[in-house]
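Chemist: Attaching a single structure in structure tokens format; questions to follow.
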Amino acid sequence: MSTTRKQLIAIAFSFLLSLLVGVAWGFILFGVGEPGRECVKSGGAAFGSALVLCIAVIMLFHFRDDHNAEPQAPRPNRTKAPTE
């Protein structure tokens, strides 16, 4: 798998994790009795902070290509049968 694909998967996972953190924090504050606007602002801040932290951690790692993996065979060209 290429390095860009590995980084993309890691960033997508961190986005989903940060989204979960932001929504959970907003619901926690709503359950405590905070006003709705404050819950949304705090949830958004928690989402942004978690996303920045996750991306910073991802950038600390050096992703490498899998040189040991077997290369995939090229796919044959498929031509469509003529339809009349």
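Chain labels run A, B, ... following the order of the structure tokens; each chain numbers its residues from 1, and ligands are numbered from 1 in the order shown.
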Neighbours of Leu51 in chain A within 8 Å (only C-alpha atoms; same-chain residues fewer than 5 positions away dropped), as a list in words?

Modeler: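 With the cut-off at 8 Å, the set is Ser14, Phe15 and Ser18 of chain A.
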
Chemist: Output C-alpha atoms for every residue in the selection just made, as an mmCIF file, in the first residue's frame.

Modeler:
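What ended up in part_23.cif:
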data_model
loop_
_atom_site.group_PDB
_atom_site.id
_atom_site.type_symbol
_atom_site.label_atom_id
_atom_site.label_comp_id
_atom_site.auth_asym_id
_atom_site.auth_seq_id
_atom_site.Cartn_x
_atom_site.Cartn_y
_atom_site.Cartn_z
ATOM 1 C CA SER A 14 -8.779 10.663 12.990
ATOM 2 C CA PHE A 15 -11.552 12.768 11.431
ATOM 3 C CA SER A 18 -12.598 13.722 16.358
#

Chemist: So that I can see what lies close to Leu16 in chain A, please list as a list in words the residues with an atom at most 10 Å from it, counting only C-alpha atoms and leaving out residues fewer than 5 positions away in the same chain.

Modeler: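 Close residues of Leu16 in chain A: Ile11, Val21, Gly22, Phe47 and Leu51 of chain A.
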
Chemist: Of the candidates A:Trp25, A:Phe63, A:Pro74, A:Met1, which one gets nearest to Gly44 in chain A if we count only C-alpha atoms?

Modeler: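 Looking at the shortest contact to Gly44 in chain A, the residue is A:Trp25.
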
Chemist: Which residues are close to Met59 in chain A, i.e. within 12 Å by only C-alpha atoms, leaving aside same-chain residues fewer than 5 positions away? Reply as a list in words.

Modeler: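 My reading of the contact set: Thr3, Thr4, Lys6, Gln7, Leu8, Ala10, Ile11, Ser14, Val52, Leu53 and Cys54 of chain A.
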
Chemist: From the set A:Leu60, A:Ile55, A:Ala81, A:Cys39, which residue has the shortest atom-to-atom contact distance to Val23 in chain A, counting only C-alpha atoms?

Modeler: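 Ranked by minimum distance to Val23 in chain A, first place goes to A:Cys39.
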
Chemist: Between CA of Ser49 in chain A and CA of Ala12 in chain A, what is the spacing in Å?

Modeler: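 Interatomic distance here is 15.5 Å.
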
Chemist: Could you jot down the CA of Gly26 in chain A to CA of Glu38 in chain A separation for me, Å, one decimal place?

Modeler: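 Interatomic distance, CA of Gly26 in chain A to CA of Glu38 in chain A: 8.4 Å.
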
Chemist: Rounded to one decimal in Å, what is the spacing between CA of Arg64 in chain A and CA of Leu17 in chain A?

Modeler: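 One can read the CA of Arg64 in chain A to CA of Leu17 in chain A distance as 23.5 Å.
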
Chemist: Return as a ChimeraX atom specification the full set of residues in chain A whose backbone-based DSSP assignment is helix (DSSP H, G or I).

Modeler: /A:3-32,36-60
